[in-house]
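S.K.: Encoded as structure tokens, here's the structure I'll be asking about.
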Amino acid sequence: MEKQMTDSKLTRNLFDMPEWLKQQTLEQQENAPYCGLGFKKGRLEPDLHARMLKNIEENVSLFRPEHNVREIESVEPGVIPVLFHEDREFNQSIMEALKPVHTTWSGMRLEESACYGFRIYQRGSYLYNHVDRTQTHIISSTICVDHRLEKPWPLYIEDIDGNPYQVDMEPGEFVFYEGARLIHGRPWALDGDYYIGMFVHYRPQDIASHQALQR
Ligand SMILES: [Fe+2]
């Protein structure tokens, strides 16, 4: 029978957030707006997804270990948890291309904040639950660009009331989410060869209007 995500080894990581991260998460959440949107799955236009895969293929030799992400660890000794490559011009084009769907989802005029990626999570890596940067990562998406997994490696995300959800993502799918406010992560060890993610972040143009929505 297939092992469930409630396996003790996997759930242990979920609840073992380091103390610094617990504190940081609580403090950031207190100062983050909530726009009443929560999270929702979406799907990339096929040509946009194809552009991402092509960019990875063309730049595969440029991926390097990413060391400065304290939220990412690994249960596999000797395996680099995550590889990273950033093509700034390409990322800017992705952020612009995805702005309309984020505008539609949020119902707000948005400004571009950041686009990270590509990030290749390798076998054994996991991402502690956390929230994103308070001022800039208000309306976000986590994009599943590609993966080769032996078991699902779902996004964990809590709604505004703290109810937990797991969202499986296939290549070409993404999840809109309010990253500064909703706790999220991938707090279980990746069982497979890799998962390639990309992340886009926007903020409302009219800060006053979104602050009025704070809860
Ligand atoms: Fe995040």
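Residue numbering restarts at 1 for every chain of the structure tokens, chains are lettered A, B, ... in their displayed order, and ligands are numbered from 1 as they appear.
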Kindly assemble as CSV a list of the range 105-129 of chain A residues that lie within 10 Å of range 61-78 of chain A, each paired with its nearest atom pair and their distance in Å to one decimal, using only C-alpha atoms, sorted first by chain and then by ascending residue number.
M.R.:
```
residue,atom,partner,partner_atom,distance
A:Phe118,CA,A:Phe63,CA,8.6
A:Arg119,CA,A:Glu66,CA,8.4
A:Ile120,CA,A:Phe63,CA,8.5
A:Tyr121,CA,A:Ile72,CA,9.1
A:Gln122,CA,A:Ser74,CA,8.6
A:Arg123,CA,A:Glu76,CA,7.1
A:Gly124,CA,A:Glu76,CA,5.0
A:Ser125,CA,A:Ser74,CA,4.0
A:Tyr126,CA,A:Glu73,CA,5.6
A:Leu127,CA,A:Ile72,CA,4.6
A:Tyr128,CA,A:Glu71,CA,5.3
A:Asn129,CA,A:Glu71,CA,7.8
```
S.K.: Please save N, CA and C atoms of the selected residues as a PDB file, in the first residue's frame.
M.R.:
```pdb
ATOM      1  N   PHE A 118      14.777  29.620 -11.952  1.00  0.00           N
ATOM      2  CA  PHE A 118      14.154  28.353 -11.570  1.00  0.00           C
ATOM      3  C   PHE A 118      14.869  27.753 -10.359  1.00  0.00           C
ATOM      4  N   ARG A 119      14.127  27.061  -9.542  1.00  0.00           N
ATOM      5  CA  ARG A 119      14.703  26.402  -8.383  1.00  0.00           C
ATOM      6  C   ARG A 119      14.445  24.901  -8.530  1.00  0.00           C
ATOM      7  N   ILE A 120      15.531  24.137  -8.487  1.00  0.00           N
ATOM      8  CA  ILE A 120      15.399  22.680  -8.610  1.00  0.00           C
ATOM      9  C   ILE A 120      15.600  22.060  -7.234  1.00  0.00           C
ATOM     10  N   TYR A 121      14.527  21.596  -6.655  1.00  0.00           N
ATOM     11  CA  TYR A 121      14.607  20.868  -5.390  1.00  0.00           C
ATOM     12  C   TYR A 121      15.031  19.437  -5.716  1.00  0.00           C
ATOM     13  N   GLN A 122      16.001  18.946  -4.961  1.00  0.00           N
ATOM     14  CA  GLN A 122      16.508  17.605  -5.243  1.00  0.00           C
ATOM     15  C   GLN A 122      16.036  16.612  -4.170  1.00  0.00           C
ATOM     16  N   ARG A 123      16.340  15.353  -4.430  1.00  0.00           N
ATOM     17  CA  ARG A 123      15.877  14.285  -3.542  1.00  0.00           C
ATOM     18  C   ARG A 123      16.187  14.591  -2.076  1.00  0.00           C
ATOM     19  N   GLY A 124      15.192  14.418  -1.249  1.00  0.00           N
ATOM     20  CA  GLY A 124      15.378  14.585   0.188  1.00  0.00           C
ATOM     21  C   GLY A 124      15.142  15.996   0.699  1.00  0.00           C
ATOM     22  N   SER A 125      15.017  16.962  -0.186  1.00  0.00           N
ATOM     23  CA  SER A 125      14.891  18.337   0.306  1.00  0.00           C
ATOM     24  C   SER A 125      13.468  18.624   0.778  1.00  0.00           C
ATOM     25  N   TYR A 126      13.348  19.562   1.651  1.00  0.00           N
ATOM     26  CA  TYR A 126      12.042  20.000   2.131  1.00  0.00           C
ATOM     27  C   TYR A 126      12.104  21.474   2.471  1.00  0.00           C
ATOM     28  N   LEU A 127      10.946  22.079   2.447  1.00  0.00           N
ATOM     29  CA  LEU A 127      10.828  23.523   2.663  1.00  0.00           C
ATOM     30  C   LEU A 127       9.960  23.727   3.894  1.00  0.00           C
ATOM     31  N   TYR A 128      10.573  24.271   4.930  1.00  0.00           N
ATOM     32  CA  TYR A 128       9.804  24.527   6.154  1.00  0.00           C
ATOM     33  C   TYR A 128       8.617  25.444   5.876  1.00  0.00           C
ATOM     34  N   ASN A 129       7.571  25.279   6.634  1.00  0.00           N
ATOM     35  CA  ASN A 129       6.464  26.227   6.541  1.00  0.00           C
ATOM     36  C   ASN A 129       6.950  27.617   6.919  1.00  0.00           C
TER      37      ASN A 129
END
```
S.K.: Distance limit 8 Å, reference ligand 1, atoms considered: only C-alpha atoms and all ligand atoms. Which residues make the cut? Give them as an NGL selection string.
M.R.: :A and (129-132 or 179-180 or 184-185)
S.K.: As number ranges by chain, which residues of range 99-212 of chain A does DSSP assign to strand (DSSP E or B)?
M.R.: A: 110-122, 125-130, 139-149, 155-158, 164-167, 173-177, 184-186, 192-204
S.K.: Hey, could you make a per-residue contact list for range 80-173 of chain A against range 188-200 of chain A with 9 Å as the cut-off, showing the nearest pair of atoms and its distance in Å to one decimal, counting only C-alpha atoms, sorted by chain and number, as CSV?
M.R.:
```
residue,atom,partner,partner_atom,distance
A:Asn91,CA,A:Val200,CA,8.7
A:Ile94,CA,A:Val200,CA,8.2
A:Met95,CA,A:Val200,CA,6.2
A:Leu98,CA,A:Val200,CA,8.2
A:Glu112,CA,A:Val200,CA,8.4
A:Ser113,CA,A:Val200,CA,7.8
A:Ala114,CA,A:Val200,CA,5.9
A:Cys115,CA,A:Val200,CA,4.4
A:Tyr116,CA,A:Phe199,CA,5.1
A:Gly117,CA,A:Met198,CA,4.6
A:Phe118,CA,A:Met198,CA,5.2
A:Arg119,CA,A:Gly197,CA,5.3
A:Ile120,CA,A:Ile196,CA,4.4
A:Tyr121,CA,A:Tyr195,CA,5.2
A:Gln122,CA,A:Tyr194,CA,4.6
A:Arg123,CA,A:Leu190,CA,5.2
A:Gly124,CA,A:Leu190,CA,4.7
A:Ser125,CA,A:Ala189,CA,5.3
A:Tyr126,CA,A:Ala189,CA,5.0
A:Leu127,CA,A:Trp188,CA,7.5
A:Tyr128,CA,A:Trp188,CA,8.4
A:His137,CA,A:Val200,CA,8.4
A:Ile139,CA,A:Val200,CA,8.5
A:Ser140,CA,A:Val200,CA,5.5
A:Ser141,CA,A:Val200,CA,5.4
A:Thr142,CA,A:Phe199,CA,4.8
A:Ile143,CA,A:Met198,CA,5.1
A:Cys144,CA,A:Gly197,CA,5.0
A:Val145,CA,A:Ile196,CA,5.5
A:Asp146,CA,A:Ile196,CA,5.1
A:His147,CA,A:Tyr195,CA,4.2
A:Arg148,CA,A:Tyr194,CA,5.4
A:Leu149,CA,A:Gly192,CA,4.0
A:Glu150,CA,A:Gly192,CA,4.7
A:Lys151,CA,A:Asp191,CA,5.8
A:Pro152,CA,A:Asp191,CA,7.8
A:Trp153,CA,A:Leu190,CA,6.1
A:Pro154,CA,A:Trp188,CA,8.6
A:Pro171,CA,A:Ile196,CA,8.7
```
S.K.: For the selection just defined, write its residues with N, CA and C atoms to a file, as an mmCIF file, in the first residue's frame.
M.R.:
```cif
data_model
loop_
_atom_site.group_PDB
_atom_site.id
_atom_site.type_symbol
_atom_site.label_atom_id
_atom_site.label_comp_id
_atom_site.auth_asym_id
_atom_site.auth_seq_id
_atom_site.Cartn_x
_atom_site.Cartn_y
_atom_site.Cartn_z
ATOM 1 N N ASN A 91 12.859 36.066 -16.533
ATOM 2 C CA ASN A 91 11.948 36.139 -15.388
ATOM 3 C C ASN A 91 11.021 37.344 -15.468
ATOM 4 N N ILE A 94 8.255 36.581 -17.724
ATOM 5 C CA ILE A 94 7.275 35.673 -17.115
ATOM 6 C C ILE A 94 6.360 36.451 -16.162
ATOM 7 N N MET A 95 6.977 37.343 -15.401
ATOM 8 C CA MET A 95 6.186 38.127 -14.448
ATOM 9 C C MET A 95 5.167 39.005 -15.185
ATOM 10 N N LEU A 98 2.309 36.792 -16.637
ATOM 11 C CA LEU A 98 1.352 36.254 -15.661
ATOM 12 C C LEU A 98 0.608 37.334 -14.877
ATOM 13 N N GLU A 112 4.487 44.629 -10.198
ATOM 14 C CA GLU A 112 5.367 43.462 -10.132
ATOM 15 C C GLU A 112 6.348 43.626 -8.966
ATOM 16 N N SER A 113 6.524 42.569 -8.203
ATOM 17 C CA SER A 113 7.485 42.620 -7.089
ATOM 18 C C SER A 113 8.734 41.801 -7.374
ATOM 19 N N ALA A 114 8.541 40.536 -7.723
ATOM 20 C CA ALA A 114 9.706 39.668 -7.905
ATOM 21 C C ALA A 114 9.307 38.391 -8.620
ATOM 22 N N CYS A 115 10.275 37.822 -9.314
ATOM 23 C CA CYS A 115 10.103 36.490 -9.903
ATOM 24 C C CYS A 115 11.375 35.712 -9.601
ATOM 25 N N TYR A 116 11.246 34.606 -8.907
ATOM 26 C CA TYR A 116 12.395 33.781 -8.553
ATOM 27 C C TYR A 116 12.363 32.491 -9.345
ATOM 28 N N GLY A 117 13.510 32.036 -9.659
ATOM 29 C CA GLY A 117 13.581 30.725 -10.293
ATOM 30 C C GLY A 117 14.519 30.765 -11.474
ATOM 31 N N PHE A 118 14.777 29.620 -11.952
ATOM 32 C CA PHE A 118 14.154 28.353 -11.570
ATOM 33 C C PHE A 118 14.869 27.753 -10.359
ATOM 34 N N ARG A 119 14.127 27.061 -9.542
ATOM 35 C CA ARG A 119 14.703 26.402 -8.383
ATOM 36 C C ARG A 119 14.445 24.901 -8.530
ATOM 37 N N ILE A 120 15.531 24.137 -8.487
ATOM 38 C CA ILE A 120 15.399 22.680 -8.610
ATOM 39 C C ILE A 120 15.600 22.060 -7.234
ATOM 40 N N TYR A 121 14.527 21.596 -6.655
ATOM 41 C CA TYR A 121 14.607 20.868 -5.390
ATOM 42 C C TYR A 121 15.031 19.437 -5.716
ATOM 43 N N GLN A 122 16.001 18.946 -4.961
ATOM 44 C CA GLN A 122 16.508 17.605 -5.243
ATOM 45 C C GLN A 122 16.036 16.612 -4.170
ATOM 46 N N ARG A 123 16.340 15.353 -4.430
ATOM 47 C CA ARG A 123 15.877 14.285 -3.542
ATOM 48 C C ARG A 123 16.187 14.591 -2.076
ATOM 49 N N GLY A 124 15.192 14.418 -1.249
ATOM 50 C CA GLY A 124 15.378 14.585 0.188
ATOM 51 C C GLY A 124 15.142 15.996 0.699
ATOM 52 N N SER A 125 15.017 16.962 -0.186
ATOM 53 C CA SER A 125 14.891 18.337 0.306
ATOM 54 C C SER A 125 13.468 18.624 0.778
ATOM 55 N N TYR A 126 13.348 19.562 1.651
ATOM 56 C CA TYR A 126 12.042 20.000 2.131
ATOM 57 C C TYR A 126 12.104 21.474 2.471
ATOM 58 N N LEU A 127 10.946 22.079 2.447
ATOM 59 C CA LEU A 127 10.828 23.523 2.663
ATOM 60 C C LEU A 127 9.960 23.727 3.894
ATOM 61 N N TYR A 128 10.573 24.271 4.930
ATOM 62 C CA TYR A 128 9.804 24.527 6.154
ATOM 63 C C TYR A 128 8.617 25.444 5.876
ATOM 64 N N HIS A 137 5.296 40.519 -1.263
ATOM 65 C CA HIS A 137 4.831 39.223 -1.769
ATOM 66 C C HIS A 137 3.372 39.019 -1.342
ATOM 67 N N ILE A 139 0.417 39.087 -3.461
ATOM 68 C CA ILE A 139 -0.331 38.240 -4.394
ATOM 69 C C ILE A 139 0.704 37.428 -5.164
ATOM 70 N N SER A 140 0.721 36.136 -4.953
ATOM 71 C CA SER A 140 1.816 35.314 -5.462
ATOM 72 C C SER A 140 1.309 34.061 -6.147
ATOM 73 N N SER A 141 2.222 33.429 -6.871
ATOM 74 C CA SER A 141 1.967 32.076 -7.355
ATOM 75 C C SER A 141 3.217 31.237 -7.221
ATOM 76 N N THR A 142 3.017 29.974 -6.881
ATOM 77 C CA THR A 142 4.079 28.984 -6.947
ATOM 78 C C THR A 142 3.763 28.097 -8.140
ATOM 79 N N ILE A 143 4.729 28.010 -9.035
ATOM 80 C CA ILE A 143 4.514 27.331 -10.314
ATOM 81 C C ILE A 143 5.277 26.011 -10.327
ATOM 82 N N CYS A 144 4.595 24.954 -10.696
ATOM 83 C CA CYS A 144 5.266 23.661 -10.906
ATOM 84 C C CYS A 144 5.668 23.601 -12.374
ATOM 85 N N VAL A 145 6.960 23.785 -12.624
ATOM 86 C CA VAL A 145 7.437 23.805 -14.006
ATOM 87 C C VAL A 145 7.651 22.378 -14.504
ATOM 88 N N ASP A 146 8.240 21.555 -13.648
ATOM 89 C CA ASP A 146 8.476 20.159 -14.042
ATOM 90 C C ASP A 146 8.766 19.358 -12.783
ATOM 91 N N HIS A 147 8.599 18.070 -12.863
ATOM 92 C CA HIS A 147 9.051 17.205 -11.768
ATOM 93 C C HIS A 147 9.219 15.782 -12.245
ATOM 94 N N ARG A 148 10.041 15.068 -11.499
ATOM 95 C CA ARG A 148 10.127 13.615 -11.662
ATOM 96 C C ARG A 148 10.092 13.047 -10.253
ATOM 97 N N LEU A 149 8.900 12.676 -9.826
ATOM 98 C CA LEU A 149 8.665 12.277 -8.441
ATOM 99 C C LEU A 149 8.240 10.817 -8.357
ATOM 100 N N GLU A 150 8.636 10.188 -7.258
ATOM 101 C CA GLU A 150 8.146 8.836 -7.004
ATOM 102 C C GLU A 150 6.888 8.870 -6.146
ATOM 103 N N LYS A 151 6.733 9.937 -5.401
ATOM 104 C CA LYS A 151 5.511 10.161 -4.616
ATOM 105 C C LYS A 151 5.155 11.632 -4.738
ATOM 106 N N PRO A 152 3.883 11.972 -4.574
ATOM 107 C CA PRO A 152 3.524 13.397 -4.628
ATOM 108 C C PRO A 152 4.317 14.201 -3.589
ATOM 109 N N TRP A 153 4.620 15.404 -3.957
ATOM 110 C CA TRP A 153 5.324 16.336 -3.048
ATOM 111 C C TRP A 153 4.479 17.597 -2.983
ATOM 112 N N PRO A 154 3.354 17.503 -2.261
ATOM 113 C CA PRO A 154 2.363 18.584 -2.344
ATOM 114 C C PRO A 154 2.794 19.869 -1.647
ATOM 115 N N PRO A 171 3.229 19.362 -13.598
ATOM 116 C CA PRO A 171 3.909 20.349 -14.447
ATOM 117 C C PRO A 171 2.914 21.171 -15.264
#
```
S.K.: Give me, as an mmCIF file with C-alpha atoms, in the first residue's frame, the residues of range 117-212 of chain A that a backbone DSSP run labels alpha helix (DSSP H).
M.R.:
```cif
data_model
loop_
_atom_site.group_PDB
_atom_site.id
_atom_site.type_symbol
_atom_site.label_atom_id
_atom_site.label_comp_id
_atom_site.auth_asym_id
_atom_site.auth_seq_id
_atom_site.Cartn_x
_atom_site.Cartn_y
_atom_site.Cartn_z
ATOM 1 C CA ILE A 207 -1.745 50.031 -0.759
ATOM 2 C CA ALA A 208 -4.500 51.962 1.011
ATOM 3 C CA SER A 209 -7.212 49.839 -0.580
ATOM 4 C CA HIS A 210 -5.616 46.538 0.372
ATOM 5 C CA GLN A 211 -4.825 47.676 3.892
#
```
S.K.: Could you list, as a list in words, every residue within 8 Å of Val167 in chain A, counting only C-alpha atoms and ignoring same-chain residues fewer than 5 positions away?
M.R.: Pro154, Leu155, Tyr156 and Ile157 of chain A
S.K.: May I have the residues from that selection written out with N, CA and C atoms, as a short mmCIF file (atom, residue, chain, number, x, y, z; two decimals), in the first residue's frame?
M.R.:
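In the end it all went to out30.cif:
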```cif
data_model
loop_
_atom_site.label_atom_id
_atom_site.label_comp_id
_atom_site.auth_asym_id
_atom_site.auth_seq_id
_atom_site.Cartn_x
_atom_site.Cartn_y
_atom_site.Cartn_z
N PRO A 154 3.35 17.50 -2.26
CA PRO A 154 2.36 18.58 -2.34
C PRO A 154 2.79 19.87 -1.65
N LEU A 155 2.17 20.93 -2.09
CA LEU A 155 2.24 22.20 -1.36
C LEU A 155 1.35 22.06 -0.13
N TYR A 156 1.91 22.41 1.03
CA TYR A 156 1.11 22.52 2.25
C TYR A 156 0.73 23.98 2.39
N ILE A 157 -0.53 24.23 2.64
CA ILE A 157 -0.95 25.63 2.84
C ILE A 157 -2.12 25.66 3.80
#
```
S.K.: Would you pick out the contacts of Glu158 in chain A at 7 Å or less, using only C-alpha atoms, so that residues sharing its chain but fewer than 2 positions from it are not included, and give the list as number ranges by chain?
M.R.: A: 156, 160, 162-165, 182-184
S.K.: Please determine, counting only C-alpha atoms, which residue among A:Val60, A:Val101, A:Leu37, A:Leu110 has the shortest atom-to-atom distance to Asp87 in chain A.
M.R.: A:Val60
S.K.: Rank nothing, just name the residue among A:Ile56, A:Arg109, A:Trp20, A:Tyr177 nearest to Leu83 in chain A, using only C-alpha atoms.
M.R.: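 Closest to Leu83 in chain A of all the choices is A:Ile56.
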S.K.: Which residues are close to Gln28 in chain A, i.e. within 8 Å by only C-alpha atoms, leaving aside same-chain residues fewer than 3 positions away? Reply as a PyMOL selection string.
M.R.: chain A and resi 24-25+31-32+131+133-134+180-181
S.K.: Give me a file of those residues, with C-alpha atoms, as a compact mmCIF listing (two decimals), in the first residue's frame.
M.R.:
```txt
# COMPACT_ATOMS: atom_id res chain seq x y z
CA GLN A 24 9.68 35.29 12.15
CA THR A 25 6.47 33.76 10.80
CA ASN A 31 1.95 42.83 9.72
CA ALA A 32 0.67 41.25 6.51
CA VAL A 131 5.27 33.16 5.10
CA ARG A 133 7.98 38.97 2.58
CA THR A 134 5.36 41.22 4.07
CA ALA A 180 2.65 37.03 3.06
CA ARG A 181 -0.26 35.95 5.21
```
S.K.: Rounded to one decimal in Å, what is the spacing between CA of Leu48 in chain A and CA of Ser93 in chain A?
M.R.: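 Interatomic distance, CA of Leu48 in chain A to CA of Ser93 in chain A: 10.1 Å.
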